[in-house]
$ cat model-v7.csv   # CSV, C-alpha atoms and all ligand atoms
chain,number,residue,atom,x,y,z
A,1,MET,CA,-21.5,52.3,-14.1
A,2,ALA,CA,-23.5,55.0,-12.5
A,3,ASP,CA,-21.6,55.0,-9.3
A,4,ASP,CA,-19.0,53.0,-7.4
A,5,PRO,CA,-20.2,49.4,-7.7
A,6,HIS,CA,-18.7,48.6,-4.3
A,7,LEU,CA,-21.2,50.9,-2.6
A,8,LEU,CA,-23.9,48.8,-4.3
A,9,TYR,CA,-22.3,45.5,-3.3
A,10,ASP,CA,-22.2,46.8,0.3
A,11,ARG,CA,-25.9,47.8,0.1
A,12,ILE,CA,-26.7,44.3,-1.2
A,13,SER,CA,-24.7,42.6,1.5
A,14,ASP,CA,-26.5,44.7,4.2
A,15,GLU,CA,-29.9,43.9,2.6
A,16,VAL,CA,-29.2,40.1,2.7
A,17,ARG,CA,-27.9,40.3,6.2
A,18,ALA,CA,-31.0,42.2,7.3
A,19,ARG,CA,-33.1,39.3,6.0
A,20,ALA,CA,-30.8,36.5,7.2
A,21,ASP,CA,-33.1,35.0,9.8
A,22,ARG,CA,-36.2,35.2,7.6
A,23,LEU,CA,-34.4,33.6,4.6
A,24,TRP,CA,-33.1,30.8,6.8
A,25,ALA,CA,-36.6,30.2,8.2
A,26,THR,CA,-37.8,29.9,4.6
A,27,ALA,CA,-35.1,27.4,3.8
A,28,LEU,CA,-36.0,25.4,6.9
A,29,ALA,CA,-39.8,25.6,6.2
A,30,LEU,CA,-39.3,24.2,2.7
A,31,HIS,CA,-37.0,21.5,4.1
A,32,ALA,CA,-39.5,20.4,6.8
A,33,ASP,CA,-42.3,20.1,4.2
A,34,PRO,CA,-40.8,18.5,1.1
A,35,GLU,CA,-43.0,18.3,-2.1
A,36,THR,CA,-42.0,16.5,-5.2
A,37,ALA,CA,-42.0,17.5,-8.9
A,38,PHE,CA,-45.1,19.5,-10.0
A,39,GLU,CA,-46.6,19.1,-6.5
A,40,GLU,CA,-44.8,22.0,-4.9
A,41,HIS,CA,-48.0,24.0,-4.0
A,42,ARG,CA,-47.1,25.0,-0.5
A,43,ALA,CA,-43.5,25.9,-1.5
A,44,ALA,CA,-44.8,28.1,-4.4
A,45,ARG,CA,-47.3,29.7,-2.0
A,46,LEU,CA,-44.6,30.5,0.6
A,47,LEU,CA,-42.2,32.0,-1.9
A,48,THR,CA,-44.7,34.0,-3.9
A,49,GLY,CA,-46.0,35.3,-0.6
A,50,GLU,CA,-42.6,36.6,0.4
A,51,LEU,CA,-42.1,38.2,-3.0
A,52,GLU,CA,-45.5,39.8,-3.0
A,53,ALA,CA,-45.0,41.2,0.5
A,54,SER,CA,-41.9,43.0,-0.8
A,55,GLY,CA,-43.7,44.6,-3.7
A,56,PHE,CA,-43.0,42.1,-6.5
A,57,GLN,CA,-45.6,41.6,-9.1
A,58,VAL,CA,-46.4,37.9,-9.1
A,59,ASP,CA,-47.7,35.7,-12.0
A,60,ARG,CA,-48.7,32.2,-11.0
A,61,GLY,CA,-49.2,29.1,-13.1
A,62,VAL,CA,-46.8,30.2,-15.8
A,63,ALA,CA,-46.0,27.9,-18.7
A,64,GLY,CA,-49.1,25.8,-17.8
A,65,MET,CA,-47.6,24.6,-14.5
A,66,PRO,CA,-49.7,25.4,-11.4
A,67,THR,CA,-46.5,25.5,-9.2
A,68,ALA,CA,-44.4,27.7,-11.5
A,69,PHE,CA,-44.3,31.5,-11.1
A,70,THR,CA,-42.6,34.7,-12.1
A,71,ALA,CA,-42.2,37.7,-9.8
A,72,ARG,CA,-41.1,41.0,-11.2
A,73,ALA,CA,-39.7,44.2,-9.6
A,74,GLY,CA,-38.5,47.3,-11.2
A,75,GLY,CA,-39.0,47.6,-14.9
A,76,GLY,CA,-38.6,50.3,-17.6
A,77,PRO,CA,-36.2,50.1,-20.6
A,78,GLY,CA,-33.2,48.7,-18.8
A,79,ARG,CA,-31.9,45.1,-18.7
A,80,CYS,CA,-33.6,42.2,-17.0
A,81,VAL,CA,-32.0,39.5,-14.8
A,82,ALA,CA,-33.7,36.2,-13.8
A,83,LEU,CA,-32.9,34.6,-10.5
A,84,LEU,CA,-34.0,30.9,-10.7
A,85,LEU,CA,-35.7,29.3,-7.7
A,86,GLU,CA,-35.9,25.5,-7.5
A,87,TYR,CA,-37.9,23.9,-4.8
A,88,ASP,CA,-38.8,20.3,-5.6
A,89,ALA,CA,-37.7,17.5,-3.3
A,90,LEU,CA,-37.0,13.8,-4.0
A,91,PRO,CA,-39.5,11.0,-3.3
A,92,GLY,CA,-38.8,9.4,0.0
A,93,LEU,CA,-35.6,11.5,0.6
A,94,GLY,CA,-37.0,15.0,1.2
A,95,HIS,CA,-34.6,17.8,0.3
A,96,ALA,CA,-31.7,15.5,-0.5
A,97,CYS,CA,-30.6,17.8,-3.4
A,98,GLY,CA,-30.8,20.9,-1.3
A,99,HIS,CA,-33.3,22.8,-3.5
A,100,ASN,CA,-34.6,24.5,-0.3
A,101,LEU,CA,-31.3,26.4,-0.3
A,102,ILE,CA,-31.6,27.3,-4.0
A,103,ALA,CA,-35.0,28.8,-3.4
A,104,ALA,CA,-34.0,30.7,-0.3
A,105,ALA,CA,-30.8,32.0,-1.9
A,106,GLY,CA,-32.7,33.1,-5.1
A,107,LEU,CA,-35.4,34.7,-2.9
A,108,GLY,CA,-32.8,36.5,-0.8
A,109,ALA,CA,-31.0,37.7,-3.9
A,110,ALA,CA,-34.1,39.0,-5.5
A,111,LEU,CA,-35.3,40.8,-2.4
A,112,ALA,CA,-31.9,42.3,-1.5
A,113,LEU,CA,-31.2,43.3,-5.1
A,114,SER,CA,-34.5,45.1,-5.6
A,115,ALA,CA,-34.1,46.9,-2.3
A,116,ALA,CA,-30.5,48.0,-3.0
A,117,LEU,CA,-31.0,49.1,-6.6
A,118,GLY,CA,-32.2,52.6,-7.4
A,119,GLU,CA,-35.2,53.5,-9.6
A,120,GLY,CA,-34.8,52.7,-13.3
A,121,ALA,CA,-32.0,50.3,-12.8
A,122,GLY,CA,-33.8,47.5,-14.7
A,123,THR,CA,-35.9,44.5,-13.9
A,124,VAL,CA,-35.3,41.8,-11.2
A,125,LEU,CA,-37.2,38.7,-12.2
A,126,ALA,CA,-37.6,35.8,-9.7
A,127,VAL,CA,-38.6,32.7,-11.6
A,128,GLY,CA,-40.1,29.7,-9.7
A,129,THR,CA,-38.9,26.6,-11.6
A,130,PRO,CA,-40.7,23.4,-10.6
A,131,ALA,CA,-39.7,19.8,-11.1
A,132,GLU,CA,-36.0,19.9,-11.8
A,133,GLU,CA,-35.7,16.3,-10.6
A,134,SER,CA,-38.4,15.0,-12.9
A,135,GLY,CA,-40.3,16.8,-15.6
A,136,GLY,CA,-38.1,19.7,-16.4
A,137,GLY,CA,-40.0,22.9,-15.4
A,138,LYS,CA,-37.3,25.1,-16.9
A,139,VAL,CA,-37.6,23.3,-20.2
A,140,LEU,CA,-41.4,24.1,-20.3
A,141,GLU,CA,-40.7,27.7,-19.2
A,142,ALA,CA,-38.0,28.1,-21.8
A,143,ASN,CA,-40.3,26.7,-24.5
A,144,ALA,CA,-43.1,29.0,-23.3
A,145,GLY,CA,-40.9,32.1,-23.7
A,146,VAL,CA,-40.4,32.9,-20.0
A,147,PHE,CA,-36.8,33.8,-20.8
A,148,GLY,CA,-37.6,36.2,-23.6
A,149,GLY,CA,-36.2,39.6,-22.9
A,150,VAL,CA,-34.0,38.2,-20.1
A,151,ASP,CA,-30.3,39.1,-20.1
A,152,ALA,CA,-29.0,36.4,-17.7
A,153,ALA,CA,-30.4,33.5,-15.7
A,154,LEU,CA,-28.6,33.0,-12.4
A,155,MET,CA,-28.8,30.3,-9.7
A,156,PHE,CA,-26.5,28.3,-7.4
A,157,HIS,CA,-26.7,24.7,-6.4
A,158,PRO,CA,-25.5,23.3,-3.1
A,159,GLY,CA,-23.1,20.4,-3.6
A,160,THR,CA,-20.1,18.4,-2.3
A,161,ARG,CA,-17.5,20.7,-4.1
A,162,ASP,CA,-16.9,24.4,-4.6
A,163,TRP,CA,-17.2,24.7,-8.4
A,164,SER,CA,-17.6,27.8,-10.4
A,165,TYR,CA,-19.0,25.8,-13.3
A,166,ALA,CA,-21.2,22.7,-13.6
A,167,PRO,CA,-20.2,20.1,-16.2
A,168,LEU,CA,-23.8,19.0,-16.8
A,169,THR,CA,-24.5,16.6,-19.6
A,170,ALA,CA,-27.3,16.2,-22.1
A,171,HIS,CA,-30.1,13.6,-21.6
A,172,ALA,CA,-33.1,12.2,-23.4
A,173,GLN,CA,-35.3,9.2,-23.2
A,174,LEU,CA,-36.5,7.0,-26.1
A,175,ARG,CA,-39.4,4.7,-25.7
A,176,ILE,CA,-39.1,1.8,-28.2
A,177,GLY,CA,-41.9,-0.6,-28.8
A,178,PHE,CA,-41.8,-3.7,-31.0
A,179,HIS,CA,-45.0,-5.2,-32.3
A,180,GLY,CA,-45.0,-8.9,-33.3
A,181,ARG,CA,-47.7,-11.5,-33.5
A,182,ALA,CA,-49.2,-13.6,-30.7
A,183,ALA,CA,-49.3,-17.4,-31.0
A,184,HIS,CA,-49.2,-20.5,-28.9
A,185,PRO,CA,-45.5,-21.3,-28.4
A,186,THR,CA,-46.2,-25.1,-28.8
A,187,GLY,CA,-49.4,-25.3,-30.7
A,188,ASN,CA,-48.5,-22.9,-33.6
A,189,PRO,CA,-45.0,-21.5,-33.0
A,190,THR,CA,-44.4,-20.8,-36.7
A,191,GLU,CA,-47.3,-18.3,-36.6
A,192,GLY,CA,-45.8,-16.3,-33.8
A,193,ILE,CA,-43.5,-13.2,-34.1
A,194,ASP,CA,-41.7,-12.7,-30.8
A,195,ALA,CA,-41.6,-9.0,-30.0
A,196,LEU,CA,-39.6,-9.6,-26.8
A,197,ALA,CA,-36.9,-11.4,-28.8
A,198,ALA,CA,-36.7,-8.3,-31.0
A,199,LEU,CA,-36.3,-6.1,-27.9
A,200,ILE,CA,-33.6,-8.4,-26.5
A,201,GLN,CA,-31.8,-8.3,-29.8
A,202,LEU,CA,-31.8,-4.5,-29.6
A,203,PHE,CA,-30.2,-4.6,-26.2
A,204,ASN,CA,-27.5,-6.9,-27.6
A,205,THR,CA,-26.9,-4.6,-30.6
A,206,LEU,CA,-26.6,-1.7,-28.2
A,207,ALA,CA,-24.0,-3.5,-26.2
A,208,VAL,CA,-21.9,-3.8,-29.4
A,209,LEU,CA,-22.5,-0.1,-30.4
A,210,GLU,CA,-21.5,1.1,-27.0
A,211,ARG,CA,-17.9,0.0,-27.5
A,212,ARG,CA,-17.5,2.7,-30.2
A,213,LEU,CA,-19.4,5.6,-28.6
A,214,PRO,CA,-17.5,8.7,-27.8
A,215,SER,CA,-16.4,9.1,-24.2
A,216,GLY,CA,-19.4,10.3,-22.1
A,217,SER,CA,-22.1,8.9,-24.3
A,218,HIS,CA,-24.0,6.0,-23.1
A,219,ALA,CA,-27.5,4.4,-23.1
A,220,GLN,CA,-29.2,2.7,-20.1
A,221,GLY,CA,-32.1,0.6,-21.1
A,222,ILE,CA,-34.9,-1.0,-19.1
A,223,VAL,CA,-37.7,-3.4,-20.2
A,224,THR,CA,-41.0,-1.8,-19.4
A,225,GLU,CA,-43.1,-4.5,-21.1
A,226,GLY,CA,-42.0,-8.0,-22.0
A,227,GLY,CA,-45.0,-10.1,-22.5
A,228,ARG,CA,-47.9,-11.4,-20.4
A,229,ALA,CA,-47.7,-15.1,-20.1
A,230,THR,CA,-45.3,-17.9,-20.9
A,231,ASN,CA,-47.8,-19.7,-23.1
A,232,ILE,CA,-48.2,-16.8,-25.5
A,233,VAL,CA,-45.5,-15.6,-27.9
A,234,PRO,CA,-45.2,-11.9,-26.8
A,235,GLU,CA,-46.9,-9.7,-29.3
A,236,TYR,CA,-45.7,-6.5,-27.8
A,237,ALA,CA,-42.5,-5.6,-26.0
A,238,GLU,CA,-41.3,-2.2,-25.0
A,239,GLY,CA,-38.1,-0.7,-23.6
A,240,LEU,CA,-37.2,2.7,-22.2
A,241,PHE,CA,-33.7,4.0,-22.9
A,242,GLY,CA,-32.0,6.9,-21.1
A,243,LEU,CA,-29.4,8.5,-23.5
A,244,ARG,CA,-26.6,10.6,-22.2
A,245,GLY,CA,-24.0,12.7,-24.1
A,246,ILE,CA,-21.4,15.2,-23.0
A,247,THR,CA,-23.0,17.6,-25.5
A,248,THR,CA,-26.5,17.8,-26.9
A,249,ALA,CA,-25.1,17.0,-30.4
A,250,ALA,CA,-23.5,13.8,-29.0
A,251,ARG,CA,-26.8,12.8,-27.4
A,252,GLU,CA,-28.6,13.3,-30.7
A,253,GLU,CA,-26.0,11.2,-32.6
A,254,LEU,CA,-26.6,8.4,-30.0
A,255,ALA,CA,-30.3,8.7,-30.5
A,256,ALA,CA,-29.9,8.4,-34.2
A,257,LEU,CA,-27.7,5.3,-33.8
A,258,LEU,CA,-30.2,3.7,-31.5
A,259,GLU,CA,-33.1,4.4,-33.8
A,260,GLN,CA,-31.2,3.0,-36.8
A,261,ALA,CA,-30.4,-0.1,-34.7
A,262,ALA,CA,-34.1,-0.5,-33.7
A,263,ARG,CA,-35.2,-0.3,-37.3
A,264,GLY,CA,-32.6,-2.8,-38.4
A,265,VAL,CA,-33.7,-5.2,-35.7
A,266,ALA,CA,-37.3,-4.8,-36.7
A,267,GLU,CA,-36.5,-5.6,-40.3
A,268,ALA,CA,-34.5,-8.6,-39.3
A,269,THR,CA,-37.1,-10.0,-36.9
A,270,GLY,CA,-40.2,-9.3,-38.9
A,271,THR,CA,-41.6,-7.0,-36.2
A,272,THR,CA,-42.7,-3.4,-36.6
A,273,VAL,CA,-41.2,-0.8,-34.3
A,274,ARG,CA,-42.4,2.5,-32.9
A,275,ILE,CA,-39.9,5.0,-31.5
A,276,GLU,CA,-40.8,8.1,-29.5
A,277,ARG,CA,-39.3,10.6,-27.1
A,278,ALA,CA,-40.4,10.2,-23.5
A,279,GLY,CA,-40.5,13.3,-21.3
A,280,VAL,CA,-38.5,16.4,-22.0
A,281,ASP,CA,-34.9,16.5,-23.3
A,282,TYR,CA,-32.3,18.2,-21.1
A,283,ASP,CA,-29.6,19.9,-23.1
A,284,HIS,CA,-26.0,20.1,-21.9
A,285,PHE,CA,-25.1,23.2,-19.9
A,286,LEU,CA,-23.3,26.1,-21.6
A,287,GLY,CA,-21.6,27.9,-18.8
A,288,ASN,CA,-21.0,31.6,-19.1
A,289,ASP,CA,-17.4,32.2,-18.0
A,290,VAL,CA,-17.9,36.0,-17.8
A,291,LEU,CA,-20.7,35.7,-15.2
A,292,ALA,CA,-19.2,32.6,-13.5
A,293,GLN,CA,-16.0,34.6,-12.8
A,294,ARG,CA,-18.1,37.5,-11.4
A,295,PHE,CA,-20.0,35.1,-9.1
A,296,ALA,CA,-16.7,33.5,-8.0
A,297,ARG,CA,-15.2,36.8,-7.2
A,298,HIS,CA,-18.3,37.9,-5.2
A,299,ILE,CA,-18.6,34.7,-3.2
A,300,GLY,CA,-14.9,34.8,-2.7
A,301,GLY,CA,-15.5,38.1,-0.8
A,302,CYS,CA,-17.8,36.0,1.5
A,303,GLY,CA,-14.9,33.7,2.2
A,304,ILE,CA,-15.8,30.8,-0.2
A,305,ALA,CA,-13.2,30.0,-2.8
A,306,LEU,CA,-14.5,28.4,-6.0
A,307,HIS,CA,-12.4,26.6,-8.6
A,308,GLU,CA,-13.1,24.9,-11.9
A,309,PRO,CA,-14.0,21.2,-11.9
A,310,GLU,CA,-11.2,18.8,-12.9
A,311,ALA,CA,-11.0,18.1,-16.6
A,312,GLY,CA,-13.0,15.1,-17.7
A,313,VAL,CA,-15.5,15.2,-14.8
A,314,TYR,CA,-19.1,15.1,-15.9
A,315,LEU,CA,-22.3,15.1,-13.9
A,316,GLY,CA,-25.9,14.2,-14.6
A,317,SER,CA,-28.2,16.6,-16.4
A,318,SER,CA,-30.4,19.5,-15.4
A,319,ASP,CA,-33.0,21.6,-17.0
A,320,ILE,CA,-30.8,24.7,-16.6
A,321,GLY,CA,-29.1,23.3,-19.7
A,322,ASN,CA,-32.0,24.3,-21.9
A,323,VAL,CA,-32.1,27.8,-20.4
A,324,SER,CA,-28.3,28.1,-21.0
A,325,THR,CA,-28.8,27.7,-24.7
A,326,LEU,CA,-31.0,30.8,-24.7
A,327,VAL,CA,-29.4,33.3,-22.4
A,328,PRO,CA,-26.1,33.7,-20.4
A,329,ALA,CA,-26.5,31.5,-17.4
A,330,ILE,CA,-24.6,30.3,-14.3
A,331,HIS,CA,-25.0,27.2,-12.2
A,332,PRO,CA,-22.1,27.1,-9.7
A,333,PHE,CA,-21.9,24.5,-6.9
A,334,VAL,CA,-21.1,25.5,-3.4
A,335,ALA,CA,-20.3,22.7,-0.9
A,336,ILE,CA,-22.4,22.0,2.1
A,337,THR,CA,-20.7,18.7,2.8
A,338,GLY,CA,-17.2,17.2,2.3
A,339,PRO,CA,-16.1,15.9,-1.1
A,340,ASP,CA,-16.7,12.2,-0.1
A,341,ALA,CA,-20.5,12.7,0.4
A,342,SER,CA,-23.0,12.5,-2.3
A,343,ASP,CA,-26.2,14.3,-3.1
A,344,HIS,CA,-29.5,12.3,-3.2
A,345,THR,CA,-28.7,10.7,0.1
A,346,PRO,CA,-30.1,11.1,3.7
A,347,GLU,CA,-26.8,12.6,4.7
A,348,PHE,CA,-27.1,15.4,2.1
A,349,ALA,CA,-30.7,16.1,3.2
A,350,ALA,CA,-29.5,16.6,6.7
A,351,ALA,CA,-26.7,18.9,5.6
A,352,ALA,CA,-29.3,21.0,3.7
A,353,ALA,CA,-30.8,22.1,7.1
A,354,ALA,CA,-27.5,22.2,9.1
A,355,PRO,CA,-26.0,25.5,10.3
A,356,GLY,CA,-23.2,25.4,7.7
A,357,ALA,CA,-25.9,25.5,5.0
A,358,ARG,CA,-27.2,28.8,6.4
A,359,GLU,CA,-23.9,30.5,5.7
A,360,VAL,CA,-23.6,29.0,2.2
A,361,MET,CA,-27.2,30.1,1.4
A,362,LEU,CA,-26.5,33.7,2.6
A,363,ALA,CA,-23.2,33.9,0.8
A,364,ALA,CA,-24.8,32.6,-2.4
A,365,ALA,CA,-27.7,35.0,-2.1
A,366,THR,CA,-25.2,37.9,-1.8
A,367,ALA,CA,-23.0,36.7,-4.7
A,368,LEU,CA,-26.1,36.1,-6.9
A,369,ALA,CA,-27.4,39.6,-6.2
A,370,CYS,CA,-24.0,41.2,-6.8
A,371,THR,CA,-23.6,39.3,-10.1
A,372,ALA,CA,-27.1,40.4,-11.1
A,373,ALA,CA,-26.3,44.0,-10.2
A,374,ASP,CA,-23.2,43.8,-12.5
A,375,ILE,CA,-25.4,42.8,-15.4
A,376,LEU,CA,-28.1,45.4,-14.7
A,377,THR,CA,-25.7,48.4,-14.0
A,378,SER,CA,-22.7,47.7,-16.3
A,379,ASP,CA,-23.0,47.8,-20.1
A,380,ASP,CA,-19.6,46.2,-20.3
A,381,VAL,CA,-20.5,43.2,-18.2
A,382,ALA,CA,-23.7,42.7,-20.1
A,383,GLU,CA,-22.1,43.0,-23.5
A,384,GLN,CA,-19.2,40.6,-22.5
A,385,ALA,CA,-21.7,38.1,-21.1
A,386,TRP,CA,-23.7,38.1,-24.3
A,387,SER,CA,-20.8,38.0,-26.7
A,388,PHE,CA,-19.3,35.0,-24.7
A,389,HIS,CA,-22.8,33.4,-24.9
A,390,ARG,CA,-23.1,33.9,-28.6
A,391,ALA,CA,-19.6,32.6,-29.4
A,392,ARG,CA,-20.1,29.5,-27.2
A,393,ALA,CA,-23.5,28.7,-28.6
A,394,ALA,CA,-22.2,29.1,-32.2
A,395,ALA,CA,-19.2,26.9,-31.5
A,396,ASP,CA,-21.6,24.3,-30.1
A,397,ARG,CA,-23.7,24.0,-33.2
B,401,ZN,ZN,-30.9,16.3,-7.7
B,402,ZN,ZN,-30.6,19.5,-7.7
$ encode --input "model-v7.csv" --output "structure tokens"
Amino acid sequence: MADDPHLLYDRISDEVRARADRLWATALALHADPETAFEEHRAARLLTGELEASGFQVDRGVAGMPTAFTARAGGGPGRCVALLLEYDALPGLGHACGHNLIAAAGLGAALALSAALGEGAGTVLAVGTPAEESGGGKVLEANAGVFGGVDAALMFHPGTRDWSYAPLTAHAQLRIGFHGRAAHPTGNPTEGIDALAALIQLFNTLAVLERRLPSGSHAQGIVTEGGRATNIVPEYAEGLFGLRGITTAAREELAALLEQAARGVAEATGTTVRIERAGVDYDHFLGNDVLAQRFARHIGGCGIALHEPEAGVYLGSSDIGNVSTLVPAIHPFVAITGPDASDHTPEFAAAAAAPGAREVMLAAATALACTAADILTSDDVAEQAWSFHRARAAADR
């Protein structure tokens, strides 16, 4: 490192503190004006305005999403660290996942880091990532190459626990449609081929298959089309199946199993079947221990102790999973409620605007910026993070 990192950490901490009121006002403004997936126009305007006012070079509408953006400060031949800002809310529940705090902390980290770093210390990239709850903005950004040339992607998520690492699972949706033949169920029943019966048969087959799935793998199906009238043998029936696995490979094994079952059912019932992916696939999260430990140490300095989740605990999925397959990434949880609460509830939404959340957001901003500084200023940290990432990604294949 060029100079004593503790001087840089102190500078970062001062820069966050100098912006504390403004960052908290940003978090509250987002909270008071929730916008759902892909509709976050005012949030994107607010955040890009703050970044632009501090000299960041803003690109709007990245990866084909009007509410996505990147904002860049610094540059030159050095490394590049991405700070990820989520800002979508939940329909009817507002900021019940606390993404207003993710945005404010990422913003604070980006502004404080770029103010504290000297010239030629690398690039600070704030990435506005829409639609985490539905649609997967980070997946579209990852596919569009937004993370090319990035050395790490950092974010925190408010939660009910203090966890250095997020055990996020892999998820995908399959739409399965059976085509049969319409007929009058009394007048000419032998002419009919009941597509709904085929779909129901697939649900029954799935119930049998589920008994032998590996732990953590499961499929939740719903009927999205099941016929139009009781005096017509259904000619078309369709189901939507949400597939989950602890790893992306496990999810794909489950998808293959379900596809095979659907084709078997079609053959047995004389229907034809069409299978397609619905929406974007979320990969499981590959945590980067090197950077997670750095973040934990930095936020420990702010008085928040993180620990690893208990073995065997798994959560839902997030689009950070797809980013984590490309570059070293962190997604720690920092509690804004007690452990008995749950996110996606009105209580969690209230906590995301309560005084305790202000302290968590500021601590997270400081720790994110210090972790980013480690990557930008230390060859050792950057190399260790990348070699951990490569080993973990290879073991995962
Ligand atoms: Zn959520
Ligand atoms: Zn969330």
$ residues_around --input "model-v7.csv" --residues "Thr269 in chain A" --least-positions-apart "5" --cutoff "9 Å" --atoms "all atoms listed in the file" --output "VMD selection string"
chain A and resid 180 193 to 195 197 to 198 264
$ write_last_selection --input "model-v7.csv" --atoms "C-alpha atoms" --output "mmCIF file, in the frame of the given file"
data_model
loop_
_atom_site.group_PDB
_atom_site.id
_atom_site.type_symbol
_atom_site.label_atom_id
_atom_site.label_comp_id
_atom_site.auth_asym_id
_atom_site.auth_seq_id
_atom_site.Cartn_x
_atom_site.Cartn_y
_atom_site.Cartn_z
ATOM 1 C CA GLY A 180 -45.000 -8.900 -33.300
ATOM 2 C CA ILE A 193 -43.500 -13.200 -34.100
ATOM 3 C CA ASP A 194 -41.700 -12.700 -30.800
ATOM 4 C CA ALA A 195 -41.600 -9.000 -30.000
ATOM 5 C CA ALA A 197 -36.900 -11.400 -28.800
ATOM 6 C CA ALA A 198 -36.700 -8.300 -31.000
ATOM 7 C CA GLY A 264 -32.600 -2.800 -38.400
#
$ residues_near_ligand --input "model-v7.csv" --ligand "ligand ZN 402 (chain B)" --cutoff "12 Å" --atoms "all atoms listed in the file" --output "PDB file with C-alpha atoms, keeping the file's coordinate frame"
ATOM      1  CA  ALA A  37     -42.000  17.500  -8.900  1.00  0.00           C
ATOM      2  CA  LEU A  85     -35.700  29.300  -7.700  1.00  0.00           C
ATOM      3  CA  GLU A  86     -35.900  25.500  -7.500  1.00  0.00           C
ATOM      4  CA  TYR A  87     -37.900  23.900  -4.800  1.00  0.00           C
ATOM      5  CA  ASP A  88     -38.800  20.300  -5.600  1.00  0.00           C
ATOM      6  CA  ALA A  89     -37.700  17.500  -3.300  1.00  0.00           C
ATOM      7  CA  LEU A  90     -37.000  13.800  -4.000  1.00  0.00           C
ATOM      8  CA  GLY A  94     -37.000  15.000   1.200  1.00  0.00           C
ATOM      9  CA  HIS A  95     -34.600  17.800   0.300  1.00  0.00           C
ATOM     10  CA  ALA A  96     -31.700  15.500  -0.500  1.00  0.00           C
ATOM     11  CA  CYS A  97     -30.600  17.800  -3.400  1.00  0.00           C
ATOM     12  CA  GLY A  98     -30.800  20.900  -1.300  1.00  0.00           C
ATOM     13  CA  HIS A  99     -33.300  22.800  -3.500  1.00  0.00           C
ATOM     14  CA  ASN A 100     -34.600  24.500  -0.300  1.00  0.00           C
ATOM     15  CA  LEU A 101     -31.300  26.400  -0.300  1.00  0.00           C
ATOM     16  CA  ILE A 102     -31.600  27.300  -4.000  1.00  0.00           C
ATOM     17  CA  ALA A 103     -35.000  28.800  -3.400  1.00  0.00           C
ATOM     18  CA  THR A 129     -38.900  26.600 -11.600  1.00  0.00           C
ATOM     19  CA  PRO A 130     -40.700  23.400 -10.600  1.00  0.00           C
ATOM     20  CA  ALA A 131     -39.700  19.800 -11.100  1.00  0.00           C
ATOM     21  CA  GLU A 132     -36.000  19.900 -11.800  1.00  0.00           C
ATOM     22  CA  GLU A 133     -35.700  16.300 -10.600  1.00  0.00           C
ATOM     23  CA  SER A 134     -38.400  15.000 -12.900  1.00  0.00           C
ATOM     24  CA  GLY A 136     -38.100  19.700 -16.400  1.00  0.00           C
ATOM     25  CA  MET A 155     -28.800  30.300  -9.700  1.00  0.00           C
ATOM     26  CA  PHE A 156     -26.500  28.300  -7.400  1.00  0.00           C
ATOM     27  CA  HIS A 157     -26.700  24.700  -6.400  1.00  0.00           C
ATOM     28  CA  PRO A 158     -25.500  23.300  -3.100  1.00  0.00           C
ATOM     29  CA  GLY A 159     -23.100  20.400  -3.600  1.00  0.00           C
ATOM     30  CA  THR A 160     -20.100  18.400  -2.300  1.00  0.00           C
ATOM     31  CA  ALA A 166     -21.200  22.700 -13.600  1.00  0.00           C
ATOM     32  CA  LEU A 168     -23.800  19.000 -16.800  1.00  0.00           C
ATOM     33  CA  LEU A 315     -22.300  15.100 -13.900  1.00  0.00           C
ATOM     34  CA  GLY A 316     -25.900  14.200 -14.600  1.00  0.00           C
ATOM     35  CA  SER A 317     -28.200  16.600 -16.400  1.00  0.00           C
ATOM     36  CA  SER A 318     -30.400  19.500 -15.400  1.00  0.00           C
ATOM     37  CA  ASP A 319     -33.000  21.600 -17.000  1.00  0.00           C
ATOM     38  CA  ILE A 320     -30.800  24.700 -16.600  1.00  0.00           C
ATOM     39  CA  HIS A 331     -25.000  27.200 -12.200  1.00  0.00           C
ATOM     40  CA  PRO A 332     -22.100  27.100  -9.700  1.00  0.00           C
ATOM     41  CA  PHE A 333     -21.900  24.500  -6.900  1.00  0.00           C
ATOM     42  CA  SER A 342     -23.000  12.500  -2.300  1.00  0.00           C
ATOM     43  CA  ASP A 343     -26.200  14.300  -3.100  1.00  0.00           C
ATOM     44  CA  HIS A 344     -29.500  12.300  -3.200  1.00  0.00           C
ATOM     45  CA  THR A 345     -28.700  10.700   0.100  1.00  0.00           C
ATOM     46  CA  PHE A 348     -27.100  15.400   2.100  1.00  0.00           C
ATOM     47  CA  ALA A 349     -30.700  16.100   3.200  1.00  0.00           C
ATOM     48  CA  ALA A 352     -29.300  21.000   3.700  1.00  0.00           C
TER      49      ALA A 352
END
$ closest_residue --input "model-v7.csv" --among "A:Val223, A:Leu93, A:Ala305, A:Ala261" --to "ligand ZN 401 (chain B)" --atoms "all atoms listed in the file"
A:Leu93
$ closest_residue --input "model-v7.csv" --among "A:Val360, A:Ala68, A:Ala350, A:Leu154" --to "Ala32 in chain A" --atoms "all atoms listed in the file"
A:Ala350
$ atom_distance --input "model-v7.csv" --atom1 "CA of Val381 in chain A" --atom2 "CA of Leu23 in chain A"
28.4 Å
$ atom_distance --input "model-v7.csv" --atom1 "CA of Glu40 in chain A" --atom2 "CA of Ala63 in chain A"
15.1 Å
$ residues_around --input "model-v7.csv" --residues "Ala229 in chain A" --least-positions-apart "2" --cutoff "12 Å" --atoms "only C-alpha atoms" --output "list in words"
Ala182, Ala183, His184, Pro185, Leu196, Glu225, Gly226, Gly227, Asn231, Ile232, Val233, Pro234, Glu235 and Tyr236 of chain A
$ residues_around --input "model-v7.csv" --residues "Ser54 in chain A" --least-positions-apart "4" --cutoff "9 Å" --atoms "all atoms listed in the file" --output "list in words"
Gly49, Glu50, Leu111 and Ala115 of chain A
